[in-house]
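work29.cif, holding mmCIF, C-alpha atoms:
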data_structure
#
loop_
_atom_site.label_atom_id
_atom_site.label_comp_id
_atom_site.auth_asym_id
_atom_site.auth_seq_id
_atom_site.Cartn_x
_atom_site.Cartn_y
_atom_site.Cartn_z
CA MET A 114 -49.37 20.02 -14.79
CA HIS A 115 -45.75 19.31 -13.90
CA THR A 116 -44.89 16.12 -15.85
CA VAL A 117 -41.79 14.72 -17.51
CA GLU A 118 -43.27 15.36 -20.92
CA ASN A 119 -44.27 19.03 -20.62
CA THR A 120 -41.38 20.31 -18.44
CA LEU A 121 -38.07 21.49 -19.88
CA SER A 122 -34.94 20.07 -18.31
CA GLN A 123 -32.81 22.44 -16.27
CA THR A 124 -29.73 20.18 -16.37
CA ASP A 125 -29.66 18.49 -19.78
CA SER A 126 -28.33 21.03 -22.30
CA GLY A 127 -28.10 18.59 -25.20
CA ASP A 128 -30.66 20.45 -27.26
CA ASP A 129 -28.69 23.68 -26.93
CA MET A 130 -25.51 21.87 -27.96
CA GLN A 131 -27.26 20.47 -31.04
CA ARG A 132 -28.52 23.94 -31.92
CA ARG A 133 -24.99 25.31 -31.73
CA LEU A 134 -23.65 22.50 -33.89
CA ARG A 135 -26.32 23.11 -36.50
CA TYR A 136 -25.64 26.83 -36.38
CA GLN A 137 -21.95 26.16 -37.00
CA ALA A 138 -22.80 23.87 -39.92
CA SER A 139 -25.10 26.53 -41.36
CA TYR A 140 -22.33 29.10 -41.12
CA GLY A 141 -20.10 26.60 -42.88
CA ALA A 142 -22.72 26.33 -45.62
CA LEU A 143 -22.43 30.10 -46.12
CA LEU A 144 -18.67 29.66 -46.55
CA CYS A 145 -19.20 26.79 -48.99
CA LEU A 146 -21.46 28.95 -51.16
CA ASP A 147 -18.46 31.24 -51.70
CA LEU A 148 -16.87 28.34 -53.60
CA LEU A 149 -19.33 29.10 -56.40
CA VAL A 150 -18.28 32.73 -56.87
CA ASP A 151 -14.87 33.36 -55.26
CA ASP A 152 -12.16 32.12 -57.61
CA ARG A 153 -9.54 32.58 -54.88
CA ILE A 154 -10.91 29.62 -52.91
CA SER A 155 -10.22 26.03 -53.94
CA GLU A 156 -11.86 24.01 -51.15
CA ILE A 157 -13.16 24.06 -47.59
CA PHE A 158 -12.47 21.55 -44.82
CA CYS A 159 -14.94 21.00 -41.98
CA GLU A 160 -13.68 20.41 -38.43
CA HIS A 161 -10.11 20.10 -39.61
CA HIS A 162 -7.72 21.93 -37.24
CA GLU A 163 -10.41 24.63 -37.02
CA ASP A 164 -14.18 24.73 -37.24
CA PHE A 165 -13.57 25.47 -40.91
CA LEU A 166 -10.38 25.58 -42.90
CA ILE A 167 -10.54 27.53 -46.15
CA LYS A 168 -7.86 26.61 -48.66
CA ASN A 169 -6.95 29.35 -51.11
CA LYS A 170 -5.60 28.63 -54.55
CA SER A 171 -2.43 30.40 -53.42
CA GLY A 172 -1.79 27.41 -51.16
CA GLN A 173 -2.37 29.32 -47.93
CA TYR A 174 -5.23 28.77 -45.54
CA VAL A 175 -7.81 30.74 -43.57
CA GLY A 176 -8.77 29.31 -40.19
CA VAL A 177 -12.34 30.06 -39.11
CA GLN A 178 -13.80 29.66 -35.64
CA VAL A 179 -17.51 30.15 -34.99
CA LYS A 180 -18.56 31.32 -31.54
CA THR A 181 -22.17 31.42 -30.34
CA ARG A 182 -23.99 32.87 -27.36
CA ILE A 183 -27.62 32.71 -26.38
CA PRO A 184 -29.52 36.03 -26.58
CA GLY A 185 -29.00 38.29 -23.61
CA GLU A 186 -25.42 37.34 -22.80
CA GLY A 187 -24.04 40.31 -24.69
CA PRO A 188 -21.17 40.67 -27.17
CA PHE A 189 -17.78 38.98 -26.81
CA LYS A 190 -14.93 40.85 -25.12
CA THR A 191 -11.17 40.38 -25.29
CA ASN A 192 -11.00 38.65 -21.93
CA ASP A 193 -13.89 36.22 -22.50
CA ILE A 194 -12.81 32.59 -22.23
CA ALA A 195 -14.20 31.75 -25.69
CA VAL A 196 -12.09 34.50 -27.27
CA ARG A 197 -8.98 33.53 -25.33
CA ASN A 198 -9.41 29.90 -26.35
CA ALA A 199 -9.72 30.94 -29.98
CA PHE A 200 -6.44 32.84 -29.84
CA HIS A 201 -4.75 29.85 -28.23
CA ARG A 202 -5.84 27.73 -31.20
CA PHE A 203 -4.66 30.33 -33.68
CA VAL A 204 -1.22 30.65 -32.08
CA GLY A 205 -0.89 26.86 -31.86
CA LEU A 206 -1.62 26.49 -35.58
CA GLU A 207 0.85 29.22 -36.49
CA ILE A 208 3.58 27.46 -34.52
CA GLU A 209 2.74 23.99 -35.90
CA PHE A 210 2.36 25.17 -39.52
CA PRO A 211 4.58 28.28 -39.97
CA SER A 212 3.56 30.67 -42.77
CA SER A 213 0.63 28.42 -43.79
CA PHE A 214 -2.14 30.76 -42.64
CA ALA A 215 -2.99 33.98 -44.42
CA ARG A 216 -5.76 34.88 -41.98
CA PHE A 217 -7.70 33.75 -38.95
CA VAL A 218 -11.40 34.60 -38.68
CA LEU A 219 -13.38 34.76 -35.48
CA ALA A 220 -17.12 34.78 -36.22
CA ALA A 221 -19.82 35.39 -33.63
CA ASN A 222 -23.62 35.44 -33.63
CA CYS A 223 -23.65 38.12 -30.93
CA ASP A 224 -21.08 40.61 -32.26
CA PHE A 225 -18.03 41.90 -30.39
CA TYR A 226 -17.93 44.57 -27.73
CA SER A 227 -17.03 47.85 -29.46
CA VAL A 228 -17.44 50.68 -26.97
CA GLY A 229 -14.65 53.15 -26.25
CA THR A 230 -10.92 52.49 -26.20
CA ASP A 231 -10.79 49.96 -23.43
CA GLU A 232 -8.76 46.84 -24.25
CA THR A 233 -11.84 44.67 -23.82
CA ASN A 234 -12.90 46.24 -27.14
CA LEU A 235 -11.27 43.58 -29.30
CA GLN A 236 -11.73 45.35 -32.63
CA PHE A 237 -10.13 48.50 -31.22
CA VAL A 238 -7.02 46.72 -29.95
CA LEU A 239 -6.61 44.75 -33.19
CA ASP A 240 -6.85 47.99 -35.18
CA GLN A 241 -4.24 49.58 -32.91
CA LEU A 242 -1.93 46.64 -33.40
CA ARG A 243 -2.27 46.73 -37.19
CA GLY A 244 -1.50 50.44 -37.19
CA LYS A 245 1.52 50.05 -34.93
CA PRO A 246 2.94 46.52 -34.46
CA THR A 247 4.89 47.63 -31.38
CA PHE A 248 1.85 49.19 -29.69
CA GLY A 249 2.16 48.88 -25.93
CA PHE A 250 -0.90 47.35 -24.29
CA LYS A 251 -1.59 47.74 -20.58
CA GLY A 252 -4.90 46.02 -19.89
CA ALA A 253 -6.79 42.94 -21.08
CA MET A 254 -4.74 42.58 -24.27
CA LYS A 255 -1.45 42.75 -22.38
CA THR A 256 -2.70 39.97 -20.13
CA LEU A 257 -3.78 37.89 -23.10
CA ILE A 258 -0.47 38.30 -24.93
CA SER A 259 1.46 37.23 -21.83
CA GLU A 260 -0.84 34.25 -21.38
CA LEU A 261 -0.32 33.13 -24.99
CA ARG A 262 3.47 33.50 -24.80
CA GLU A 263 3.75 31.49 -21.61
CA SER A 264 1.32 28.78 -22.68
CA HIS A 265 2.96 28.18 -26.07
CA LYS A 266 6.54 28.88 -24.99
CA CYS A 267 7.01 31.22 -27.94
CA LYS A 268 8.33 34.68 -28.65
CA LYS A 269 6.08 37.71 -28.39
CA GLU A 270 6.62 38.37 -32.12
CA ILE A 271 4.80 35.16 -33.01
CA VAL A 272 1.81 36.12 -30.89
CA LEU A 273 1.71 39.60 -32.39
CA SER A 274 1.95 38.19 -35.94
CA VAL A 275 -1.06 35.98 -35.24
CA LEU A 276 -3.06 38.86 -33.79
CA ASN A 277 -2.30 40.84 -36.93
CA LYS A 278 -3.92 38.09 -38.97
CA VAL A 279 -7.14 37.94 -36.95
CA HIS A 280 -10.32 39.33 -38.51
CA LEU A 281 -13.58 39.63 -36.60
CA GLU A 282 -16.92 38.73 -38.15
CA GLY A 283 -19.45 40.06 -35.70
CA SER A 284 -22.36 40.32 -38.11
CA ALA A 285 -22.99 36.59 -38.36
CA PRO A 286 -26.74 35.81 -38.33
CA LYS A 287 -28.62 35.13 -35.12
CA PHE A 288 -29.67 31.60 -34.22
CA GLU A 289 -33.16 32.04 -35.64
CA ASP A 290 -31.92 33.68 -38.86
CA ILE A 291 -29.10 31.41 -39.96
CA THR A 292 -31.11 28.91 -42.06
CA ALA A 293 -32.99 31.68 -43.85
CA THR A 294 -29.67 33.41 -44.52
CA VAL A 295 -28.27 30.28 -46.18
CA THR A 296 -31.44 30.02 -48.27
CA SER A 297 -31.27 33.69 -49.25
CA LYS A 298 -27.63 33.47 -50.27
CA THR A 299 -28.36 30.34 -52.28
CA ALA A 300 -31.13 32.17 -54.11
CA LYS A 301 -28.82 35.09 -54.95
CA LEU A 302 -26.07 32.83 -56.28
CA ARG A 303 -28.46 30.55 -58.20
CA PRO A 304 -31.12 32.93 -59.59
CA GLU A 305 -32.25 30.29 -62.07
CA ILE A 306 -33.79 28.35 -59.15
CA VAL A 307 -36.98 30.34 -58.80
CA GLU A 308 -39.21 28.22 -56.57
CA TYR A 309 -38.65 28.85 -52.87
CA ARG A 310 -39.13 25.18 -52.02
CA SER A 311 -36.33 24.26 -54.42
CA VAL A 312 -33.96 26.92 -53.09
CA GLU A 313 -34.67 25.85 -49.53
CA ALA A 314 -34.06 22.21 -50.40
CA CYS A 315 -30.64 23.11 -51.81
CA ALA A 316 -29.77 25.15 -48.71
CA LEU A 317 -30.82 22.41 -46.30
CA ALA A 318 -28.96 19.77 -48.29
CA LEU A 319 -25.79 21.86 -48.10
CA ILE A 320 -26.17 22.29 -44.32
CA GLU A 321 -26.57 18.52 -43.96
CA LYS A 322 -23.47 17.96 -46.09
CA VAL A 323 -21.43 20.24 -43.83
CA LEU A 324 -22.76 18.43 -40.75
CA LYS A 325 -21.74 15.10 -42.25
CA ALA A 326 -18.31 16.37 -43.28
CA SER A 327 -17.77 17.73 -39.76
CA ALA A 328 -18.18 14.36 -38.06
CA LEU A 329 -16.08 11.22 -38.16
CA THR A 330 -17.84 8.33 -39.83
CA CYS A 331 -19.62 5.62 -37.88
CA ASP A 332 -19.32 3.23 -40.82
CA GLN A 333 -17.66 0.05 -39.54
CA PRO A 334 -16.78 -1.41 -43.00
CA ILE A 335 -14.88 1.75 -43.93
CA ARG A 336 -12.90 1.60 -40.69
CA THR A 337 -11.97 -2.09 -40.97
CA HIS A 338 -11.05 -1.69 -44.63
CA PHE A 339 -7.72 -0.15 -43.67
CA ILE A 340 -6.52 -3.45 -42.20
CA PHE A 341 -6.00 -4.71 -45.74
CA THR A 342 -4.01 -1.74 -47.10
CA THR A 343 -0.23 -1.46 -47.30
CA SER A 344 -0.22 1.78 -45.26
CA PRO A 345 -3.26 1.53 -42.96
CA ALA A 346 -2.52 4.59 -40.83
CA GLU A 347 -1.76 6.87 -43.76
CA ASP A 348 -4.70 5.64 -45.83
CA LYS A 349 -7.03 6.14 -42.88
CA VAL A 350 -5.87 9.73 -42.44
CA GLN A 351 -6.29 10.49 -46.12
CA THR A 352 -9.79 9.02 -46.17
CA ILE A 353 -10.83 11.04 -43.12
CA VAL A 354 -9.43 14.24 -44.64
CA GLN A 355 -11.20 13.54 -47.92
CA GLN A 356 -14.51 13.20 -46.09
CA LYS A 357 -13.97 16.62 -44.53
CA ARG A 358 -13.28 18.33 -47.89
CA ILE A 359 -15.94 20.23 -49.87
CA THR A 360 -15.28 21.74 -53.30
CA GLY A 361 -17.27 23.97 -55.61
CA THR A 362 -18.00 20.93 -57.77
CA ASP A 363 -19.41 19.16 -54.71
CA VAL A 364 -21.76 22.08 -54.02
CA GLY A 365 -22.92 22.22 -57.65
CA SER A 366 -23.52 18.46 -57.76
CA LEU A 367 -25.40 18.61 -54.47
CA PHE A 368 -27.74 21.27 -55.82
CA THR A 369 -28.33 19.25 -58.99
CA SER A 370 -29.24 16.11 -57.04
CA SER A 371 -31.45 18.11 -54.66
CA LEU A 372 -33.35 19.68 -57.53
CA GLN A 373 -33.80 16.35 -59.31
CA THR A 374 -35.83 15.09 -56.37
CA LEU A 375 -38.19 18.05 -56.89
CA LEU A 376 -38.74 17.74 -60.62
CA VAL A 377 -41.73 15.45 -60.22
CA ALA A 378 -44.65 15.97 -57.88
CA PRO A 379 -44.56 13.66 -54.83
CA ALA A 380 -46.26 10.31 -55.35
CA ASN A 381 -47.29 9.73 -51.72
CA GLY A 382 -50.74 11.24 -51.98
CA ASN A 383 -49.60 14.72 -50.97
CA VAL A 384 -50.75 16.20 -54.29
CA ILE A 385 -53.59 18.69 -54.52
CA GLU A 386 -56.37 17.87 -56.97
CA THR A 387 -56.38 20.24 -59.95
CA GLN A 388 -58.28 20.78 -63.17
CA THR A 389 -55.14 20.51 -65.32
CA PRO A 390 -55.28 18.04 -68.22
CA THR A 391 -53.71 14.64 -67.79
CA GLY A 392 -52.05 12.47 -70.41
CA SER A 393 -50.37 13.69 -73.57
CA HIS A 394 -51.80 11.79 -76.55
CA VAL A 395 -53.67 14.90 -77.73
CA LEU A 396 -50.44 16.87 -77.60
CA GLU A 397 -48.62 14.13 -79.56
CA LYS A 398 -51.26 14.03 -82.30
CA LYS A 399 -51.35 17.77 -82.76
CA MET A 400 -47.58 18.28 -82.79
CA ALA A 401 -47.02 15.30 -85.08
CA ALA A 402 -49.58 16.71 -87.53
CA GLY A 403 -47.44 19.83 -87.70
CA GLY A 404 -44.35 17.86 -88.69
CA ILE A 405 -42.59 18.30 -85.33
CA SER A 406 -39.89 15.71 -84.56
CA ALA A 407 -40.32 12.85 -82.09
CA PRO A 408 -37.55 14.14 -79.75
CA SER A 409 -39.26 17.53 -79.58
CA ILE A 410 -42.62 15.91 -78.85
CA SER A 411 -41.05 13.79 -76.11
CA MET A 412 -39.47 16.88 -74.57
CA ALA A 413 -42.80 18.71 -74.77
CA LYS A 414 -44.38 15.95 -72.69
CA ASP A 415 -41.66 16.36 -70.06
CA HIS A 416 -42.20 20.11 -70.08
CA GLN A 417 -45.92 19.54 -69.54
CA GLU A 418 -45.23 17.54 -66.37
CA SER A 419 -42.96 20.34 -65.15
CA ALA A 420 -45.69 22.94 -65.68
CA GLU A 421 -48.29 20.78 -63.95
CA TYR A 422 -45.97 20.55 -60.95
CA VAL A 423 -45.59 24.35 -60.93
CA LEU A 424 -49.36 24.60 -60.76
CA GLN A 425 -49.43 22.20 -57.81
CA GLN A 426 -46.89 24.36 -56.02
CA TRP A 427 -48.86 27.53 -56.71
CA ILE A 428 -52.05 25.99 -55.33
CA ALA A 429 -50.24 24.83 -52.19
CA ARG A 430 -48.55 28.18 -51.67
CA TYR A 431 -51.11 30.76 -52.83
CA GLY A 432 -54.42 28.92 -52.86
CA PRO A 433 -56.59 27.76 -55.81
CA GLU A 434 -57.92 31.18 -56.84
CA ALA A 435 -54.53 32.93 -56.89
CA ALA A 436 -52.98 29.93 -58.63
CA LYS A 437 -55.68 30.15 -61.30
CA GLN A 438 -54.91 33.84 -61.86
CA ARG A 439 -51.18 33.17 -62.12
CA SER A 440 -51.79 30.30 -64.54
CA GLY A 441 -54.05 32.48 -66.69
CA HIS A 442 -51.44 35.22 -66.82
CA ILE A 443 -48.71 32.80 -67.99
CA ASP A 444 -51.10 31.11 -70.42
CA MET A 445 -51.88 34.45 -72.06
CA ALA A 446 -48.18 35.34 -72.26
CA VAL A 447 -47.05 32.09 -73.91
CA ARG A 448 -50.05 31.93 -76.26
CA THR A 449 -49.27 35.47 -77.43
CA VAL A 450 -45.74 34.35 -78.35
CA CYS A 451 -46.99 31.19 -80.07
CA THR A 452 -49.71 33.05 -81.97
CA GLU A 453 -47.14 35.46 -83.35
CA ALA A 454 -44.96 32.49 -84.31
CA HIS A 455 -47.96 30.86 -86.02
CA ASP A 456 -48.76 33.96 -88.04
CA ASN A 457 -45.13 34.27 -89.18
CA THR A 458 -44.70 30.64 -90.22
CA ALA A 459 -48.12 29.23 -91.25
CA ARG A 460 -48.43 28.17 -94.88
CA PRO A 461 -51.07 26.12 -96.73
CA ASP A 462 -48.70 24.02 -98.88
CA LYS A 463 -46.71 22.06 -96.27
CA PRO A 464 -46.41 21.38 -92.52
CA TYR A 465 -45.12 24.36 -90.60
CA GLY A 466 -45.14 23.06 -87.01
CA ALA A 467 -41.37 22.70 -86.76
CA GLU A 468 -40.77 26.28 -87.91
CA MET A 469 -43.50 27.53 -85.60
CA LEU A 470 -41.91 25.68 -82.68
CA SER A 471 -38.51 27.14 -83.47
CA ALA A 472 -39.94 30.65 -83.60
CA SER A 473 -41.92 30.02 -80.40
CA ARG A 474 -38.79 28.86 -78.59
CA ALA A 475 -36.94 31.99 -79.62
CA GLY A 476 -39.78 34.17 -78.42
CA LEU A 477 -40.09 32.32 -75.12
CA LYS A 478 -36.36 32.63 -74.44
CA GLU A 479 -36.74 36.38 -74.72
CA LEU A 480 -39.90 36.31 -72.62
CA ALA A 481 -38.10 34.32 -69.88
CA LYS A 482 -35.61 37.16 -69.43
CA ASP A 483 -38.39 39.31 -67.98
CA LYS A 484 -38.52 37.43 -64.68
CA GLU A 485 -41.07 39.74 -63.12
CA HIS A 486 -43.53 39.39 -66.00
CA VAL A 487 -43.29 35.58 -66.10
CA LEU A 488 -43.49 35.27 -62.29
CA GLY A 489 -39.93 33.96 -62.06
CA LEU A 490 -40.52 30.92 -64.28
CA LYS A 491 -37.67 29.46 -66.32
CA TYR A 492 -37.70 29.04 -70.09
CA GLU A 493 -38.34 25.29 -69.76
CA GLN A 494 -41.33 25.90 -67.51
CA LEU A 495 -42.80 28.35 -70.01
CA LEU A 496 -42.51 25.62 -72.63
CA GLY A 497 -44.48 23.43 -70.23
CA PHE A 498 -47.35 25.93 -70.31
CA VAL A 499 -47.19 25.80 -74.10
CA SER A 500 -47.65 22.03 -73.83
CA LEU A 501 -50.62 22.51 -71.51
CA ALA A 502 -52.20 24.95 -73.95
CA THR A 503 -51.54 22.54 -76.81
CA HIS A 504 -53.25 19.70 -74.97
CA ALA A 505 -56.22 21.96 -74.19
CA CYS A 506 -56.39 22.99 -77.87
CA ARG A 507 -55.59 26.63 -77.23
CA ILE A 508 -52.49 26.26 -79.41
CA TRP A 509 -52.30 24.40 -82.74
CA TRP A 510 -49.22 23.45 -84.76
CA SER A 511 -51.11 22.86 -87.99
CA ASP A 512 -54.49 23.61 -89.46
CA ARG A 513 -57.21 22.41 -87.10
CA PHE A 514 -58.53 18.89 -87.56
CA PRO A 515 -60.99 16.61 -85.69
CA LEU A 516 -59.62 14.75 -82.66
CA ASP A 517 -60.96 11.44 -81.40
CA ASP A 518 -60.44 12.42 -77.76
CA PRO A 519 -63.51 14.40 -76.62
CA ASN A 520 -61.33 16.40 -74.24
CA GLY A 521 -59.24 17.53 -77.18
CA THR A 522 -62.01 19.03 -79.29
CA VAL A 523 -62.41 22.76 -79.65
#
Represent the structure from my file as structure tokens, please.
Amino acid sequence: MHTVENTLSQTDSGDDMQRRLRYQASYGALLCLDLLVDDRISEIFCEHHEDFLIKNKSGQYVGVQVKTRIPGEGPFKTNDIAVRNAFHRFVGLEIEFPSSFARFVLAANCDFYSVGTDETNLQFVLDQLRGKPTFGFKGAMKTLISELRESHKCKKEIVLSVLNKVHLEGSAPKFEDITATVTSKTAKLRPEIVEYRSVEACALALIEKVLKASALTCDQPIRTHFIFTTSPAEDKVQTIVQQKRITGTDVGSLFTSSLQTLLVAPANGNVIETQTPTGSHVLEKKMAAGGISAPSISMAKDHQESAEYVLQQWIARYGPEAAKQRSGHIDMAVRTVCTEAHDNTARPDKPYGAEMLSASRAGLKELAKDKEHVLGLKYEQLLGFVSLATHACRIWWSDRFPLDDPNGTV
């Protein structure tokens, strides 16, 4: 039935525009991730002179433009309006800020035309120009160079110097792949984040940060604040620029805050019922009997909550039966380590729990290095499974003794 609700608009392209904006922000997130590993980069600015402005520690900049096309429109050519507009921006920046730009990058989700030696093959003509700065063009590139000279009222040498700085990035992800690419890159740069949901949360948070940094604020109090400053115009500019800036520290802090929201299982009822033990008084009694310190017992309780959350995630992702198998595998692995620690430290004349815990921690740190064997769990999560086994009386930190809690008996 042809109704307003179930018919796509043929004239309102707002959804496509929003998709392109989100794609651009996602590409910016990929650039921001480089802040974590590329010591040449100091910060990245969003929608500041260019789609993205990369500031190198050398003091020079890299201007990045992101171009998108819907599937089926083909790769970009030299004479496409989007490409010509990009070069106009690049030349304008070079004239306004001489010697400030080390490179200009033109990124596209549909690649660049690369067939033959025609001047619509942008990579070919740029390679020719880099090999011979005085190369004489006769086709599309000659037309473009003339257009740039006339529009900017500049010498041909300036245009050629800009073209020499242009680098094409035609392998940018497709529309449908960009978010997964950000998630994948995040996982590679932060291998300690092993749960997919956590990695994805970090990636999405970074994309949202780039989106926010790319837009002027709608916050009225911030705008009116400048009335009361001694240099309103200058202070306003500096505040706007600061909002556009993203540093490596910002990315690291964003990931930390994103992960903190995932440390505890959601409290809105969206938790799957499990057979895992609840409470921790059995754990406290048993560890205290072994002479283990209060701070270590408190941390063990926190670790237990972390492990219980891992189990919830496994059930949601793999199903109850597979989650049970994974849990049993990890339980056997950590109990093996703790049993060896028990045998090496147990003594009849005094409490040995603290020494056993120390030996267990050392063994678990080594075990955590074998990511495949421990299903990608971190050291702290393995300690959580130790806490679960302690509560279920599969691990003891002293000689066995009667427990009041019926769930804690052997």
Please evaluate the PyMOL selection byres ((chain A and resi 145) around 12) against the structure above and give the resulting residues as number ranges by chain.
-> A: 138-144, 146-151, 154-159, 165-168, 295, 298-299, 302, 316, 319-320, 322-323, 326, 358-365, 367
Could you give me, as JSON lines, every segment 389-470 of chain A residue with an atom at most 6 Å from segment 491-511 of chain A, plus its closest atom pair and distance in Å to one decimal, counting only C-alpha atoms, rows ordered by chain then number?
{"residue": "A:Val395", "atom": "CA", "partner": "A:His504", "partner_atom": "CA", "distance": 5.6}
{"residue": "A:Leu396", "atom": "CA", "partner": "A:His504", "partner_atom": "CA", "distance": 4.8}
{"residue": "A:Met400", "atom": "CA", "partner": "A:Trp510", "partner_atom": "CA", "distance": 5.8}
{"residue": "A:Gly403", "atom": "CA", "partner": "A:Ser511", "partner_atom": "CA", "distance": 4.8}
{"residue": "A:Ala413", "atom": "CA", "partner": "A:Ser500", "partner_atom": "CA", "distance": 6.0}
{"residue": "A:His416", "atom": "CA", "partner": "A:Gly497", "partner_atom": "CA", "distance": 4.0}
{"residue": "A:Gln417", "atom": "CA", "partner": "A:Gly497", "partner_atom": "CA", "distance": 4.2}
{"residue": "A:Ala420", "atom": "CA", "partner": "A:Gly497", "partner_atom": "CA", "distance": 4.7}
{"residue": "A:Gly466", "atom": "CA", "partner": "A:Trp510", "partner_atom": "CA", "distance": 4.7}
Starting from the shown file, work through the PyMOL selection byres ((chain A and resi 214) around 10) and note down what comes out as a PyMOL selection string.
-> chain A and resi 166-169+172-176+203+206-207+210-213+215-217+275+278
Name the closest residue to Arg135 of chain A among the candidates A:Leu324, A:Ala346, A:Leu219, A:Ile428; distances are taken between atoms, counting all atoms listed in the file.
-> A:Leu324
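For the choices A:Ala253, A:Leu480, A:Cys315, A:Met412, the atom-to-atom distance to Glu397 of chain A is smallest for A:Met412 when using all atoms listed in the file.
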Close residues, Leu239 of chain A itself excluded, 8 Å, all atoms listed in the file, min 6 positions apart in chain, as a PyMOL selection string = chain A and resi 276-277+279
Take the residues that were just selected and, keeping C-alpha atoms, output them as an mmCIF file, in the coordinates of the input.
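The resulting result-v8.cif:
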data_model
loop_
_atom_site.group_PDB
_atom_site.id
_atom_site.type_symbol
_atom_site.label_atom_id
_atom_site.label_comp_id
_atom_site.auth_asym_id
_atom_site.auth_seq_id
_atom_site.Cartn_x
_atom_site.Cartn_y
_atom_site.Cartn_z
ATOM 1 C CA LEU A 276 -3.060 38.860 -33.790
ATOM 2 C CA ASN A 277 -2.300 40.840 -36.930
ATOM 3 C CA VAL A 279 -7.140 37.940 -36.950
#
What's the 10 Å shell around Glu453 of chain A, counting only C-alpha atoms, without same-chain residues fewer than 4 positions away, as a PyMOL selection string?
-> chain A and resi 448-449+457-458+469+472-473+476
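Relative to atom CA of Val204 of chain A, atom CA of Leu261 of chain A is found at 7.6 Å.
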Looking at A:Leu516, A:Ile353, A:Val312, A:Val423, which one is nearest to Ala402 of chain A, with distances taken over only C-alpha atoms?
-> A:Leu516
Which value, in Å to one decimal, gives the distance between atom CA of Gly489 of chain A and atom CA of Glu418 of chain A?
-> 17.8 Å
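Take atom CA of Gly441 of chain A and atom CA of Leu424 of chain A: the distance between them is 10.9 Å.
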Residues picked by the PyMOL selection byres ((chain A and resi 240) around 12) here, as a PyMOL selection string?
-> chain A and resi 227+230+232+234-239+241-246+248+276-281
Create the file for the chosen residues now, containing C-alpha atoms and written as a PDB file, in the coordinates of the input.
ATOM      1  CA  SER A 227     -17.030  47.850 -29.460  1.00  0.00           C
ATOM      2  CA  THR A 230     -10.920  52.490 -26.200  1.00  0.00           C
ATOM      3  CA  GLU A 232      -8.760  46.840 -24.250  1.00  0.00           C
ATOM      4  CA  ASN A 234     -12.900  46.240 -27.140  1.00  0.00           C
ATOM      5  CA  LEU A 235     -11.270  43.580 -29.300  1.00  0.00           C
ATOM      6  CA  GLN A 236     -11.730  45.350 -32.630  1.00  0.00           C
ATOM      7  CA  PHE A 237     -10.130  48.500 -31.220  1.00  0.00           C
ATOM      8  CA  VAL A 238      -7.020  46.720 -29.950  1.00  0.00           C
ATOM      9  CA  LEU A 239      -6.610  44.750 -33.190  1.00  0.00           C
ATOM     10  CA  GLN A 241      -4.240  49.580 -32.910  1.00  0.00           C
ATOM     11  CA  LEU A 242      -1.930  46.640 -33.400  1.00  0.00           C
ATOM     12  CA  ARG A 243      -2.270  46.730 -37.190  1.00  0.00           C
ATOM     13  CA  GLY A 244      -1.500  50.440 -37.190  1.00  0.00           C
ATOM     14  CA  LYS A 245       1.520  50.050 -34.930  1.00  0.00           C
ATOM     15  CA  PRO A 246       2.940  46.520 -34.460  1.00  0.00           C
ATOM     16  CA  PHE A 248       1.850  49.190 -29.690  1.00  0.00           C
ATOM     17  CA  LEU A 276      -3.060  38.860 -33.790  1.00  0.00           C
ATOM     18  CA  ASN A 277      -2.300  40.840 -36.930  1.00  0.00           C
ATOM     19  CA  LYS A 278      -3.920  38.090 -38.970  1.00  0.00           C
ATOM     20  CA  VAL A 279      -7.140  37.940 -36.950  1.00  0.00           C
ATOM     21  CA  HIS A 280     -10.320  39.330 -38.510  1.00  0.00           C
ATOM     22  CA  LEU A 281     -13.580  39.630 -36.600  1.00  0.00           C
TER      23      LEU A 281
END
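Considering the residues A:His162, A:Leu490, A:Pro184, A:Glu434 and counting only C-alpha atoms, Val354 of chain A has its shortest atom-to-atom contact with A:His162.
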Could you check which of A:Ala459, A:Ile291, A:Val272, A:Ala220 is closest to Pro188 of chain A, using all atoms listed in the file?
-> A:Ala220
Up to 12 Å from (-25.1, 24.8, -31.2) in the file's coordinates: name the residues, counting all atoms listed in the file, as number ranges by chain.
-> A: 126-140, 179-183, 222, 287-289, 291, 324
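Candidate residues A:Ile194, A:Ile208, A:Leu470, A:Ala221 were compared for distance to Ser406 of chain A, and the nearest is A:Leu470, using all atoms listed in the file.
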Neighbours of Met254 of chain A within 8 Å (all atoms listed in the file; same-chain residues fewer than 2 positions away dropped), as number ranges by chain?
-> A: 191-192, 232-233, 238, 250-252, 256-258
Work out where the centre of an axis-aligned box around every listed atom of segment 224-239 of chain A lies and how long its edges are once 4 Å is added on each side; give both in Å to one decimal as JSON.
{"center_x": -13.8, "center_y": 46.9, "center_z": -28.3, "size_x": 22.5, "size_y": 20.5, "size_z": 17.8}
